[in-house]
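Here is the structure we will look at.
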Amino acid sequence: MHPHFKYLGLIAVIAGIVIEVSCKSAPLPPPPPLQSAPNFEDAQDKDWKLVTVRTKSGDISFDRDRLIAEGFGDIFTIRFGADQFSGTGAPNRCFGPYGIEKDQAIWIDTTPATSREPVRNPEKLREHDFFTYLQNAFRWAINGGNLELSTKEEDGAEAVMVFTNIF
């Protein structure tokens, strides 16, 4: 046997030991954080104000600072309690029961509480459309701290109402 082969075998054994020890000593990466299931309680007992309606024909966005300055800061709002909701259109109020079901499904049963003639249609959203969107809501989500209600327009096209509770 050639003397170099003897050393090569010894080097291979040592390299194997070093690799095994270094692999064993390397820490494992931490497991990814568990994603908690969405919880509708995060949306309850907060005053939500509509900031955007995403529709097939384009977004309707609300300049809440301007509306506040013009005295219309409390229009197109919603608040969820334990099993009842209340909301404000422009200017009428509504209330009623709602329910949360599996897979973030939601249903809202709107009942007008007042019947005053609308004063204005901010950002071209009619109060009637706002109440229709609420009545047709079918899914909820909280994204980036905003409450999103997936809904349907009168013609069946899907839309998303985006609310914030920052104002």
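Going by the structure tokens order, chains are called A, B, ..., each with residues numbered from 1, while ligands are numbered from 1 in the order shown.
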Task: All strand (DSSP E) residues (DSSP, backbone) inside region 18-127 of chain A, as a ChimeraX atom specification - done: /A:48-55,58-61,77-80,84-88,93-101,105-108,111-112
Selection to disk with C-alpha atoms, as a JSON list (two decimals), in the first residue's frame:
```
[["chain", "number", "residue", "atom", "x", "y", "z"],
["A", 48, "TRP", "CA", -65.04, 52.30, 11.72],
["A", 49, "LYS", "CA", -65.14, 54.99, 9.02],
["A", 50, "LEU", "CA", -65.31, 54.18, 5.34],
["A", 51, "VAL", "CA", -62.19, 55.30, 3.45],
["A", 52, "THR", "CA", -62.43, 53.39, 0.15],
["A", 53, "VAL", "CA", -64.89, 51.36, -1.87],
["A", 54, "ARG", "CA", -63.17, 49.20, -4.49],
["A", 55, "THR", "CA", -65.57, 48.51, -7.35],
["A", 58, "GLY", "CA", -62.83, 52.03, -10.01],
["A", 59, "ASP", "CA", -62.13, 53.04, -6.45],
["A", 60, "ILE", "CA", -64.17, 55.57, -4.53],
["A", 61, "SER", "CA", -61.88, 57.15, -1.94],
["A", 77, "THR", "CA", -69.54, 54.62, 9.58],
["A", 78, "ILE", "CA", -70.13, 51.27, 11.20],
["A", 79, "ARG", "CA", -69.72, 49.82, 14.69],
["A", 80, "PHE", "CA", -70.12, 46.16, 15.67],
["A", 84, "GLN", "CA", -75.82, 44.05, 16.80],
["A", 85, "PHE", "CA", -74.26, 46.66, 14.57],
["A", 86, "SER", "CA", -75.03, 50.33, 14.05],
["A", 87, "GLY", "CA", -74.02, 52.61, 11.26],
["A", 88, "THR", "CA", -74.44, 56.02, 9.73],
["A", 93, "ARG", "CA", -78.62, 55.82, 10.70],
["A", 94, "CYS", "CA", -79.15, 52.09, 10.54],
["A", 95, "PHE", "CA", -78.84, 49.19, 12.93],
["A", 96, "GLY", "CA", -79.59, 45.52, 13.12],
["A", 97, "PRO", "CA", -78.30, 42.06, 13.81],
["A", 98, "TYR", "CA", -75.27, 40.58, 12.12],
["A", 99, "GLY", "CA", -73.61, 37.20, 12.25],
["A", 100, "ILE", "CA", -70.14, 35.78, 11.81],
["A", 101, "GLU", "CA", -69.77, 32.30, 10.37],
["A", 105, "ALA", "CA", -68.28, 34.85, 6.39],
["A", 106, "ILE", "CA", -70.53, 37.67, 7.59],
["A", 107, "TRP", "CA", -74.15, 38.67, 7.11],
["A", 108, "ILE", "CA", -75.61, 42.05, 8.04],
["A", 111, "THR", "CA", -82.78, 48.35, 9.29],
["A", 112, "PRO", "CA", -83.07, 52.09, 8.71]]
```
TODO: Mind checking which residues fall within 9 Å of Glu154 (chain A), counting only C-alpha atoms, ignoring those fewer than 4 positions away in the same chain, and posting them as a PyMOL selection string?
DONE: chain A and resi 129+132-133+136
TODO: Please give the complete set of residues from region 76-165 of chain A that DSSP, run on the backbone, assigns to helix (DSSP H, G or I), formatted as number ranges by chain.
DONE: A: 102-104, 122-124, 127-135
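Between Asp47 (chain A) and the residues A:Glu117, A:Glu148, A:Asp74, A:Asp103, the shortest atom-to-atom distance, using only C-alpha atoms, involves A:Asp74.
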Open item on the list: Measuring between only C-alpha atoms, which one of A:Asp83, A:Val160, A:Phe76, A:Asp63 shows the shortest distance to Ala141 (chain A)?
Closed with: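 The closest residue to Ala141 (chain A) is A:Val160.
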Task: Straight-line distance linking CA of Asn146 (chain A) with CA of Phe163 (chain A), stated in Å to one decimal - done: 5.6 Å
Task: Residue nearest Ala113 (chain A) - candidates A:Asn143, A:Pro91, A:Arg126, A:Ser150, atoms counted: only C-alpha atoms - done: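 Of the candidates, the smallest distance to Ala113 (chain A) is held by A:Pro91.
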TODO: Using only C-alpha atoms, find the one residue out of A:Arg64, A:Lys102, A:His128, A:Arg120 that sits nearest to Ile166 (chain A).
DONE: A:Arg64
- [ ] State, in Å with one decimal place, the distance from CA of Arg116 (chain A) to CA of Gln135 (chain A).
- [x]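 Separating CA of Arg116 (chain A) from CA of Gln135 (chain A) is a distance of 19.3 Å.
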- [ ] Please indicate the distance in Å from CA of Thr110 (chain A) to CA of Glu123 (chain A), rounded to one decimal place.
- [x]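 Interatomic distance, CA of Thr110 (chain A) to CA of Glu123 (chain A): 22.3 Å.
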Open item on the list: Here is a test: counting only C-alpha atoms, which residue of A:Ala69, A:Thr151, A:Ala90, A:Asp42 is nearest to Asn165 (chain A)?
Closed with: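 Ranked by minimum distance to Asn165 (chain A), first place goes to A:Asp42.
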